[in-house]
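Novice: The structure file work.txt (compact mmCIF, C-alpha atoms (C1' of nucleotides)) is provided below.
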# COMPACT_ATOMS: atom_id res chain seq x y z
CA MET A 1 -28.45 -10.25 31.80
CA THR A 2 -26.76 -11.86 28.85
CA GLU A 3 -25.68 -9.08 26.56
CA ALA A 4 -24.52 -11.60 24.01
CA VAL A 5 -23.93 -9.81 20.76
CA GLN A 6 -25.53 -12.33 18.55
CA THR A 7 -23.86 -13.01 15.28
CA ARG A 8 -25.07 -15.34 12.63
CA PRO A 9 -22.19 -16.73 10.64
CA GLY A 10 -24.18 -19.33 8.73
CA GLY A 11 -25.77 -19.33 5.33
CA ARG A 12 -26.01 -16.07 3.50
CA SER A 13 -23.60 -14.09 5.65
CA ALA A 14 -20.86 -16.62 5.10
CA ARG A 15 -21.64 -16.67 1.39
CA VAL A 16 -21.40 -12.90 1.17
CA ARG A 17 -18.19 -12.87 3.13
CA ALA A 18 -16.63 -15.46 0.87
CA ALA A 19 -17.76 -13.63 -2.25
CA VAL A 20 -16.33 -10.34 -1.02
CA HIS A 21 -13.04 -11.97 -0.06
CA ARG A 22 -12.76 -13.57 -3.46
CA ALA A 23 -13.62 -10.27 -5.13
CA VAL A 24 -10.80 -8.52 -3.28
CA GLY A 25 -8.34 -11.13 -4.47
CA ASP A 26 -9.60 -10.98 -8.03
CA LEU A 27 -9.47 -7.21 -8.23
CA LEU A 28 -5.97 -7.05 -6.78
CA ALA A 29 -4.88 -9.68 -9.28
CA THR A 30 -6.25 -7.88 -12.31
CA GLU A 31 -6.64 -4.17 -11.64
CA SER A 32 -4.36 -1.53 -10.18
CA PRO A 33 -4.26 -1.29 -6.37
CA GLU A 34 -5.94 2.11 -6.45
CA ALA A 35 -8.90 0.53 -8.20
CA LEU A 36 -9.67 -1.45 -5.06
CA THR A 37 -12.59 0.64 -3.90
CA ILE A 38 -15.62 -0.57 -2.00
CA PRO A 39 -18.10 -0.10 -4.83
CA ALA A 40 -15.77 -2.01 -7.14
CA VAL A 41 -15.41 -4.87 -4.69
CA ALA A 42 -19.15 -4.99 -4.14
CA ALA A 43 -19.89 -5.02 -7.85
CA ARG A 44 -17.38 -7.80 -8.45
CA ALA A 45 -18.82 -9.83 -5.58
CA GLY A 46 -22.38 -9.39 -6.78
CA VAL A 47 -23.22 -7.69 -3.51
CA HIS A 48 -24.60 -4.28 -2.71
CA PRO A 49 -22.01 -1.68 -1.69
CA THR A 50 -24.01 -0.88 1.43
CA THR A 51 -23.30 -4.34 2.76
CA VAL A 52 -19.56 -3.90 2.46
CA TYR A 53 -19.67 -0.44 4.01
CA ARG A 54 -21.60 -1.74 6.99
CA ARG A 55 -19.67 -4.96 7.62
CA TRP A 56 -16.15 -3.70 7.05
CA GLY A 57 -16.30 0.04 7.12
CA SER A 58 -13.15 0.84 5.18
CA VAL A 59 -10.86 -0.69 2.60
CA ALA A 60 -8.12 -0.99 5.21
CA GLN A 61 -10.22 -3.08 7.56
CA LEU A 62 -11.47 -5.16 4.68
CA LEU A 63 -7.92 -5.85 3.55
CA ALA A 64 -6.81 -6.75 7.05
CA ASP A 65 -9.66 -9.22 7.31
CA VAL A 66 -8.92 -10.77 3.94
CA ALA A 67 -5.20 -11.01 4.67
CA THR A 68 -5.50 -12.60 8.09
CA SER A 69 -7.97 -15.15 6.80
CA ARG A 70 -5.89 -15.83 3.69
CA PHE A 71 -2.64 -16.23 5.61
CA SER A 72 -4.01 -18.35 8.43
CA GLY A 73 -4.35 -22.08 8.38
CA ASP A 74 -3.25 -22.24 4.77
CA ILE A 75 -0.07 -24.13 5.55
CA VAL A 76 -0.03 -27.21 7.75
CA VAL A 77 2.84 -27.46 10.20
CA PRO A 78 4.86 -30.51 9.13
CA ASP A 79 6.08 -33.22 11.49
CA SER A 80 8.94 -35.09 9.90
CA GLY A 81 10.60 -36.11 13.15
CA THR A 82 13.59 -33.78 12.97
CA LEU A 83 13.92 -30.03 13.33
CA ALA A 84 15.81 -29.67 10.06
CA GLY A 85 13.23 -31.70 8.21
CA ASP A 86 10.33 -29.73 9.64
CA LEU A 87 11.94 -26.40 8.89
CA GLU A 88 12.93 -27.31 5.36
CA ARG A 89 9.49 -28.62 4.52
CA TRP A 90 7.81 -25.60 6.05
CA MET A 91 10.10 -23.06 4.41
CA SER A 92 9.57 -24.75 1.10
CA ASP A 93 5.81 -24.43 1.49
CA VAL A 94 5.99 -20.77 2.54
CA ALA A 95 8.29 -19.95 -0.36
CA THR A 96 6.02 -21.69 -2.82
CA ASP A 97 3.09 -19.71 -1.49
CA LEU A 98 4.99 -16.49 -2.10
CA THR A 99 5.49 -17.49 -5.73
CA ASP A 100 1.88 -16.65 -6.54
CA PRO A 101 1.64 -13.07 -7.92
CA ASP A 102 -1.86 -12.73 -6.52
CA VAL A 103 -0.58 -13.47 -3.04
CA LEU A 104 2.08 -10.81 -3.43
CA ALA A 105 -0.47 -8.29 -4.63
CA LEU A 106 -2.61 -8.96 -1.56
CA MET A 107 0.39 -8.59 0.72
CA ARG A 108 1.46 -5.33 -0.86
CA ALA A 109 -2.00 -3.84 -0.64
CA THR A 110 -2.38 -4.91 2.98
CA ILE A 111 0.97 -3.41 3.90
CA GLY A 112 0.03 -0.18 2.21
CA SER A 113 -3.32 0.05 3.93
CA GLY A 114 -1.97 0.75 7.40
CA PRO A 115 0.79 0.40 9.98
CA GLU A 116 -0.32 -3.04 11.09
CA GLY A 117 -0.94 -4.50 7.68
CA GLY A 118 2.36 -6.33 7.58
CA CYS A 119 1.77 -8.11 10.86
CA ALA A 120 -1.55 -9.43 9.56
CA CYS A 121 0.38 -11.31 6.90
CA THR A 122 2.87 -12.95 9.24
CA VAL A 123 1.32 -13.59 12.66
CA ASP A 124 0.34 -17.09 11.67
CA ARG A 125 3.79 -17.76 10.23
CA HIS A 126 5.30 -16.77 13.57
CA ASP A 127 2.89 -19.09 15.37
CA GLN A 128 3.78 -21.94 13.05
CA LEU A 129 7.49 -21.40 13.51
CA ARG A 130 7.03 -21.29 17.26
CA ALA A 131 5.10 -24.56 17.11
CA ILE A 132 7.89 -26.24 15.14
CA ILE A 133 10.53 -25.07 17.60
CA ASP A 134 8.45 -26.00 20.64
CA ARG A 135 7.94 -29.50 19.32
CA GLU A 136 11.68 -29.97 18.83
CA ARG A 137 12.26 -28.72 22.34
CA ALA A 138 9.73 -31.29 23.57
CA ARG A 139 11.73 -33.93 21.72
CA GLY A 140 14.70 -32.84 23.77
CA GLY A 141 16.69 -31.42 20.89
CA LYS A 142 18.66 -28.22 20.79
CA VAL A 143 16.59 -25.38 19.40
CA PRO A 144 17.38 -21.93 18.04
CA ASP A 145 15.92 -18.77 19.46
CA LEU A 146 12.56 -17.93 17.93
CA GLU A 147 13.48 -14.36 17.09
CA ARG A 148 16.69 -15.46 15.50
CA ALA A 149 14.81 -18.02 13.46
CA ILE A 150 12.38 -15.35 12.29
CA ASP A 151 15.23 -13.06 11.30
CA THR A 152 17.20 -15.71 9.47
CA LEU A 153 14.36 -17.58 7.77
CA LEU A 154 11.46 -15.21 7.17
CA GLY A 155 13.57 -12.08 6.82
CA PRO A 156 15.36 -12.92 3.58
CA LEU A 157 12.31 -14.71 2.21
CA TYR A 158 9.86 -11.86 2.57
CA TYR A 159 12.50 -9.30 1.68
CA ARG A 160 12.99 -10.96 -1.67
CA ALA A 161 9.26 -11.15 -2.19
CA ILE A 162 8.58 -7.50 -1.51
CA PHE A 163 11.74 -5.45 -1.90
CA SER A 164 13.78 -7.35 -4.44
CA ASP A 165 13.09 -8.69 -7.88
CA GLN A 166 15.06 -11.81 -7.08
CA PRO A 167 13.00 -14.97 -7.33
CA ALA A 168 12.71 -16.90 -4.07
CA SER A 169 12.87 -20.54 -5.08
CA SER A 170 11.92 -23.17 -2.56
CA ALA A 171 15.37 -24.73 -2.90
CA TRP A 172 16.99 -21.45 -1.93
CA ALA A 173 14.55 -21.11 0.96
CA ARG A 174 15.57 -24.55 2.22
CA GLY A 175 19.15 -23.37 2.12
CA LEU A 176 18.34 -20.71 4.67
CA VAL A 177 17.56 -23.45 7.16
CA ALA A 178 21.13 -24.70 6.91
CA THR A 179 22.46 -21.24 7.68
CA LEU A 180 20.26 -20.99 10.73
CA LEU A 181 21.16 -24.39 12.14
CA ALA A 182 24.86 -23.85 11.44
CA THR A 183 25.06 -20.65 13.46
CA MET A 184 22.96 -21.90 16.36
CA MET B 1 16.78 17.61 -36.00
CA THR B 2 17.33 17.62 -32.28
CA GLU B 3 14.19 16.26 -30.65
CA ALA B 4 15.56 17.09 -27.24
CA VAL B 5 12.70 17.02 -24.75
CA GLN B 6 13.62 20.15 -22.95
CA THR B 7 13.12 20.20 -19.26
CA ARG B 8 13.68 23.10 -17.00
CA PRO B 9 14.62 22.00 -13.52
CA GLY B 10 15.48 25.41 -12.16
CA GLY B 11 13.58 27.91 -10.09
CA ARG B 12 9.86 27.44 -9.78
CA SER B 13 9.67 23.87 -11.06
CA ALA B 14 12.16 22.73 -8.47
CA ARG B 15 10.33 24.66 -5.78
CA VAL B 16 7.01 23.04 -6.73
CA ARG B 17 8.61 19.63 -6.81
CA ALA B 18 10.10 20.08 -3.38
CA ALA B 19 6.84 21.37 -1.94
CA VAL B 20 4.89 18.43 -3.36
CA HIS B 21 7.44 15.94 -2.06
CA ARG B 22 7.28 17.48 1.37
CA ALA B 23 3.50 17.47 1.27
CA VAL B 24 3.45 13.74 0.52
CA GLY B 25 5.66 13.07 3.49
CA ASP B 26 3.61 15.27 5.77
CA LEU B 27 0.30 13.75 4.76
CA LEU B 28 1.59 10.20 5.17
CA ALA B 29 2.93 11.13 8.59
CA THR B 30 -0.34 12.60 9.85
CA GLU B 31 -3.29 11.24 7.90
CA SER B 32 -4.38 7.77 6.92
CA PRO B 33 -2.80 6.32 3.78
CA GLU B 34 -6.12 6.46 1.93
CA ALA B 35 -6.19 10.21 2.50
CA LEU B 36 -3.19 10.58 0.20
CA THR B 37 -5.06 11.89 -2.82
CA ILE B 38 -3.80 14.32 -5.41
CA PRO B 39 -6.05 17.23 -4.40
CA ALA B 40 -4.99 16.75 -0.78
CA VAL B 41 -1.31 16.74 -1.70
CA ALA B 42 -1.75 19.81 -3.87
CA ALA B 43 -3.61 21.70 -1.16
CA ARG B 44 -0.95 20.84 1.39
CA ALA B 45 1.81 21.90 -0.98
CA GLY B 46 0.10 25.18 -1.83
CA VAL B 47 -0.02 24.15 -5.47
CA HIS B 48 -2.85 23.70 -7.89
CA PRO B 49 -4.09 20.11 -8.33
CA THR B 50 -3.74 20.43 -12.08
CA THR B 51 0.00 20.77 -11.71
CA VAL B 52 0.27 17.50 -9.83
CA TYR B 53 -1.97 15.70 -12.30
CA ARG B 54 0.13 16.85 -15.22
CA ARG B 55 3.57 16.28 -13.74
CA TRP B 56 2.98 12.96 -12.03
CA GLY B 57 -0.28 11.61 -13.38
CA SER B 58 -1.15 9.23 -10.59
CA VAL B 59 -0.55 8.74 -6.89
CA ALA B 60 1.50 5.63 -7.63
CA GLN B 61 3.95 7.47 -9.87
CA LEU B 62 4.14 10.33 -7.42
CA LEU B 63 4.95 7.93 -4.60
CA ALA B 64 7.58 6.16 -6.66
CA ASP B 65 9.22 9.50 -7.40
CA VAL B 66 9.14 10.59 -3.78
CA ALA B 67 10.47 7.27 -2.54
CA THR B 68 13.37 7.02 -4.98
CA SER B 69 14.43 10.57 -4.24
CA ARG B 70 14.01 10.09 -0.50
CA PHE B 71 15.94 6.83 -0.39
CA SER B 72 18.77 7.91 -2.67
CA GLY B 73 21.86 9.70 -1.56
CA ASP B 74 20.56 10.04 1.97
CA ILE B 75 23.24 7.82 3.46
CA VAL B 76 26.91 8.25 2.68
CA VAL B 77 28.88 5.09 2.09
CA PRO B 78 31.44 4.93 4.91
CA ASP B 79 35.11 4.18 4.44
CA SER B 80 36.60 3.00 7.69
CA GLY B 81 39.35 0.90 6.14
CA THR B 82 37.93 -2.52 6.93
CA LEU B 83 34.96 -4.42 5.57
CA ALA B 84 33.52 -5.10 9.02
CA GLY B 85 33.84 -1.47 10.00
CA ASP B 86 32.19 -0.24 6.82
CA LEU B 87 29.33 -2.68 7.09
CA GLU B 88 28.69 -1.99 10.75
CA ARG B 89 28.66 1.73 10.25
CA TRP B 90 26.43 1.47 7.21
CA MET B 91 23.98 -0.95 8.80
CA SER B 92 23.77 1.27 11.83
CA ASP B 93 22.85 4.22 9.64
CA VAL B 94 20.26 2.28 7.67
CA ALA B 95 18.70 0.93 10.86
CA THR B 96 18.55 4.37 12.39
CA ASP B 97 16.84 5.67 9.28
CA LEU B 98 14.20 2.96 9.59
CA THR B 99 13.46 4.12 13.11
CA ASP B 100 11.58 7.15 11.83
CA PRO B 101 7.82 6.41 11.66
CA ASP B 102 7.45 8.80 8.75
CA VAL B 103 9.99 6.84 6.74
CA LEU B 104 8.09 3.64 7.44
CA ALA B 105 4.81 5.24 6.39
CA LEU B 106 6.37 6.30 3.11
CA MET B 107 7.77 2.84 2.52
CA ARG B 108 4.46 1.15 3.24
CA ALA B 109 2.54 3.46 0.95
CA THR B 110 5.07 3.00 -1.84
CA ILE B 111 4.94 -0.76 -1.52
CA GLY B 112 1.17 -0.68 -1.63
CA SER B 113 1.06 1.53 -4.69
CA GLY B 114 2.37 -1.03 -7.13
CA PRO B 115 4.44 -4.13 -7.83
CA GLU B 116 7.69 -2.20 -8.11
CA GLY B 117 7.22 0.06 -5.14
CA GLY B 118 9.44 -2.04 -2.92
CA CYS B 119 12.39 -1.89 -5.29
CA ALA B 120 12.19 1.91 -5.37
CA CYS B 121 12.98 1.88 -1.66
CA THR B 122 16.01 -0.38 -1.86
CA VAL B 123 17.80 0.08 -5.19
CA ASP B 124 20.14 2.62 -3.69
CA ARG B 125 20.78 0.41 -0.68
CA HIS B 126 21.82 -2.37 -3.02
CA ASP B 127 24.13 0.01 -4.87
CA GLN B 128 25.69 1.16 -1.62
CA LEU B 129 26.24 -2.40 -0.42
CA ARG B 130 27.79 -3.28 -3.74
CA ALA B 131 30.11 -0.29 -3.46
CA ILE B 132 31.24 -1.35 0.00
CA ILE B 133 31.95 -4.88 -1.14
CA ASP B 134 33.70 -3.75 -4.31
CA ARG B 135 35.99 -1.49 -2.33
CA GLU B 136 36.97 -4.32 -0.01
CA ARG B 137 37.66 -6.50 -3.02
CA ALA B 138 39.88 -3.71 -4.37
CA ARG B 139 41.70 -3.77 -1.05
CA GLY B 140 42.40 -7.44 -1.69
CA GLY B 141 40.25 -8.75 1.13
CA LYS B 142 37.90 -11.68 1.08
CA VAL B 143 34.35 -10.56 0.32
CA PRO B 144 30.95 -12.17 0.67
CA ASP B 145 28.59 -12.64 -2.23
CA LEU B 146 26.43 -9.57 -2.82
CA GLU B 147 23.16 -11.51 -2.87
CA ARG B 148 24.08 -13.30 0.29
CA ALA B 149 24.90 -9.99 1.94
CA ILE B 150 21.54 -8.57 0.89
CA ASP B 151 19.73 -11.60 2.28
CA THR B 152 21.59 -11.63 5.56
CA LEU B 153 21.77 -7.89 6.25
CA LEU B 154 18.84 -6.15 4.61
CA GLY B 155 16.44 -9.09 4.84
CA PRO B 156 16.05 -9.21 8.63
CA LEU B 157 16.26 -5.44 8.90
CA TYR B 158 13.47 -4.59 6.51
CA TYR B 159 11.43 -7.57 7.63
CA ARG B 160 11.38 -6.23 11.16
CA ALA B 161 10.48 -2.79 9.91
CA ILE B 162 7.54 -3.87 7.83
CA PHE B 163 6.28 -7.28 8.94
CA SER B 164 7.14 -7.43 12.60
CA ASP B 165 6.52 -5.18 15.54
CA GLN B 166 10.00 -5.87 16.85
CA PRO B 167 12.15 -2.76 17.11
CA ALA B 168 15.27 -2.84 14.95
CA SER B 169 17.95 -1.21 17.04
CA SER B 170 21.17 -0.17 15.42
CA ALA B 171 23.12 -2.40 17.81
CA TRP B 172 21.11 -5.41 16.71
CA ALA B 173 21.65 -4.41 13.09
CA ARG B 174 25.40 -4.32 13.65
CA GLY B 175 25.13 -7.83 15.02
CA LEU B 176 23.86 -9.03 11.67
CA VAL B 177 27.21 -8.10 10.17
CA ALA B 178 28.94 -10.57 12.46
CA THR B 179 26.63 -13.36 11.31
CA LEU B 180 27.36 -12.57 7.71
CA LEU B 181 31.12 -12.46 8.09
CA ALA B 182 31.13 -15.62 10.22
CA THR B 183 29.37 -17.72 7.60
CA MET B 184 31.35 -16.39 4.66
C1' DA C 1 -44.43 -23.52 12.69
C1' DT C 2 -43.82 -18.74 14.38
C1' DG C 3 -41.51 -14.65 16.14
C1' DC C 4 -37.34 -12.04 16.50
C1' DT C 5 -33.78 -9.53 14.56
C1' DA C 6 -29.28 -9.54 12.22
C1' DA C 7 -27.99 -8.80 7.71
C1' DC C 8 -28.94 -7.39 3.05
C1' DG C 9 -30.86 -4.65 -1.03
C1' DC C 10 -32.69 -0.30 -2.93
C1' DA C 11 -32.98 4.60 -3.99
C1' DG C 12 -30.75 8.64 -3.65
C1' DC C 13 -28.00 12.62 -1.66
C1' DG C 14 -23.74 15.31 -0.80
C1' DA C 15 -18.99 15.72 -1.40
C1' DT C 16 -15.05 15.40 -3.90
C1' DG C 17 -11.68 13.31 -6.87
C1' DA C 18 -10.23 13.02 -11.81
C1' DG C 19 -9.59 15.29 -15.85
C1' DT C 20 -9.68 19.37 -19.73
C1' DG C 21 -9.25 23.94 -22.32
C1' DC C 22 -7.29 28.29 -22.02
C1' DG C 23 -4.82 32.19 -20.52
C1' DA C 24 -0.83 33.82 -17.53
C1' DT C 25 3.76 33.34 -15.71
C1' DA C 26 8.51 32.63 -15.64
C1' DA C 27 12.73 29.95 -17.01
C1' DT C 28 15.77 29.54 -20.82
C1' DT C 29 17.74 30.81 -25.23
C1' DT C 30 19.33 33.94 -28.89
C1' DA D 1 16.65 42.72 -23.95
C1' DA D 2 13.35 40.17 -26.54
C1' DA D 3 11.51 35.90 -28.07
C1' DT D 4 10.26 31.23 -27.05
C1' DT D 5 7.96 27.79 -24.66
C1' DA D 6 7.81 24.74 -20.63
C1' DT D 7 5.19 25.04 -16.69
C1' DC D 8 1.61 26.62 -13.67
C1' DG D 9 -3.06 28.61 -12.14
C1' DC D 10 -8.05 29.19 -12.98
C1' DA D 11 -12.74 27.88 -14.12
C1' DC D 12 -15.38 24.30 -15.19
C1' DT D 13 -17.45 19.52 -16.19
C1' DC D 14 -18.00 14.62 -15.38
C1' DA D 15 -17.83 10.54 -12.77
C1' DT D 16 -18.18 8.20 -8.69
C1' DC D 17 -17.02 7.34 -3.89
C1' DG D 18 -18.78 7.47 0.73
C1' DC D 19 -22.72 7.30 3.29
C1' DT D 20 -27.82 7.25 5.13
C1' DG D 21 -32.99 5.98 5.84
C1' DC D 22 -36.10 2.53 4.99
C1' DG D 23 -38.21 -1.64 3.59
C1' DT D 24 -37.22 -6.70 2.81
C1' DT D 25 -35.06 -11.16 3.34
C1' DA D 26 -33.48 -14.97 5.81
C1' DG D 27 -30.72 -17.08 9.98
C1' DC D 28 -31.61 -18.62 14.60
C1' DA D 29 -34.39 -19.63 18.71
C1' DT D 30 -38.43 -21.01 21.17
Take the structure from the file and write it as structure tokens.
Specialist:
Amino acid sequence: MTEAVQTRPGGRSARVRAAVHRAVGDLLATESPEALTIPAVAARAGVHPTTVYRRWGSVAQLLADVATSRFSGDIVVPDSGTLAGDLERWMSDVATDLTDPDVLALMRATIGSGPEGGCACTVDRHDQLRAIIDRERARGGKVPDLERAIDTLLGPLYYRAIFSDQPASSAWARGLVATLLATM
Amino acid sequence: MTEAVQTRPGGRSARVRAAVHRAVGDLLATESPEALTIPAVAARAGVHPTTVYRRWGSVAQLLADVATSRFSGDIVVPDSGTLAGDLERWMSDVATDLTDPDVLALMRATIGSGPEGGCACTVDRHDQLRAIIDRERARGGKVPDLERAIDTLLGPLYYRAIFSDQPASSAWARGLVATLLATM
DNA sequence: ATGCTAACGCAGCGATGAGTGCGATAATTT
DNA sequence: AAATTATCGCACTCATCGCTGCGTTAGCAT
């Protein structure tokens, strides 16, 4: 008795999904956050509102889906041979990503949509950081605690992006790596 | 020709303002963030929707007003005599404040309402931190850079509150002070 | 090639949020 | 105490968001 809930991710469904995701990004980039309503997204995506209502249900779930897919697999974990090199390269990439105003708008909206919105933006970053640290440990090097790395590296970076009007340059972000490794 | 835009903050106006502010907090604490609409706030506050429309105009402006007033003057800047003591006491208070789920809900909603929502939650924190550092400088002690203090202290704290599911205990928050003063 | 069915589009309904003109109330001034 | 006017409540209109049957299209399997 195979109760396999069949899904069909190919062809039109994927096209619709992509169009809706792009529409969410476009609307957040141009309009006010309150304007992000399901009919508006559907119209922008060239899709019928009914489709969005049925597949995602609410704006919050839609945003969570868009955010997790946008913030996953977008940055490749570097392998420079040393922990410092890996971290600096990775932090530089993450900081550069946070330079984009559209990315910030998506993050803000996702955070505002529910209690778990913030996690959706950073789970993959945590996984990447863990991968970098694990690889250094496999090399036999001394590694910092993961939580401490998150606090020291991602904390200031995302704080500047969301709570401060300070720009977060990639050079400054690389500097955070030095602070972490110095106090290890 | 005095074009003074007269305002009258006494009596009923203040009462309405307080009721609306409390209603925003209550709704964010109980309902979903999308349920925070002006008619809902007005109903909860026992005030006519027209009043809210005229005084605040939009949910975003209302949230910004509530957030700035909620996150201003709520924590008294301590004066223990030493920089470390001041910072530890202050960080402990800030961390404790962030323990309240209702506070987090308000912060999330404010962030999601617009590009400057995050700043509304932290301007007063920055002022307080500046005051602490300035006082230590007046004492003649060695002081860290303000920006560096913001990055090291508030960064990890607010990151945990918004982006991570890690609890931010006040003891852990006090530990951040040690890291800052060690790398000064 | 054909059947099955998940996924989409269409038409339309009910509910409600956004906004306006006008009179009433109450805070502030003279 | 009386006048002034900022502020609020009421009644009402308009726009549109959320949602539901129903028929149609197009993946996926045999």
Novice: With all atoms listed in the file as the counted atoms, please give the residues lying no more than 10 Å from Pro101 of chain A, apart from itself and same-chain residues fewer than 2 positions off, as a JSON list (two decimals) with C-alpha atoms, in the coordinates of the input.
Specialist:
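out_37.json was written with the following content:
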[["chain", "number", "residue", "atom", "x", "y", "z"],
["A", 28, "LEU", "CA", -5.97, -7.05, -6.78],
["A", 29, "ALA", "CA", -4.88, -9.68, -9.28],
["A", 97, "ASP", "CA", 3.09, -19.71, -1.49],
["A", 98, "LEU", "CA", 4.99, -16.49, -2.10],
["A", 99, "THR", "CA", 5.49, -17.49, -5.73],
["A", 103, "VAL", "CA", -0.58, -13.47, -3.04],
["A", 104, "LEU", "CA", 2.08, -10.81, -3.43],
["A", 105, "ALA", "CA", -0.47, -8.29, -4.63],
["A", 106, "LEU", "CA", -2.61, -8.96, -1.56],
["A", 107, "MET", "CA", 0.39, -8.59, 0.72],
["A", 161, "ALA", "CA", 9.26, -11.15, -2.19],
["B", 115, "PRO", "CA", 4.44, -4.13, -7.83]]
Novice: Would you list the contacts of segment 8-25 of chain C as an MDAnalysis selection string, taking every protein, DNA or RNA residue within 8 Å and counting all atoms listed in the file, but skipping same-chain residues closer than 4 positions in sequence?
Specialist: (chainID A and resid 48 51) or (chainID B and resid 37 39) or (chainID D and resid 8:9 24:25)
Novice: Neighbouring residues of Ala19 of chain A were defined as those with any atom within 9 Å, considering only C-alpha atoms (C1' of nucleotides); residues of the same chain fewer than 4 positions away were excluded. Please report them as a ChimeraX atom specification.
Specialist: /A:14-15,23-24,42,44-47
Novice: Using all atoms listed in the file, I'd like a table of the residues in chain C that come within 8 Å of chain B; for each, show the closest atom pair and its distance in Å rounded to one decimal, ordered by chain and ascending number, as JSON lines.
Specialist:
{"residue": "C:DG17", "atom": "C1'", "partner": "B:Pro39", "partner_atom": "CA", "distance": 7.3}
{"residue": "C:DA26", "atom": "C1'", "partner": "B:Arg12", "partner_atom": "CA", "distance": 7.9}
{"residue": "C:DA27", "atom": "C1'", "partner": "B:Arg8", "partner_atom": "CA", "distance": 6.9}
{"residue": "C:DT28", "atom": "C1'", "partner": "B:Arg8", "partner_atom": "CA", "distance": 7.8}
Novice: With a cut-off of 12 Å and counting only C-alpha atoms (C1' of nucleotides), select all residues of chain D in contact with chain B and give the selection as a ChimeraX atom specification.
Specialist: /D:5-11
Novice: May I ask which of the residues B:Gln166, B:Gln128, B:Thr82, B:Ser69 is the closest one to chain A, counting only C-alpha atoms?
Specialist: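 Going through B:Gln166, B:Gln128, B:Thr82, B:Ser69 one by one, the smallest distance to chain A is for B:Gln166.
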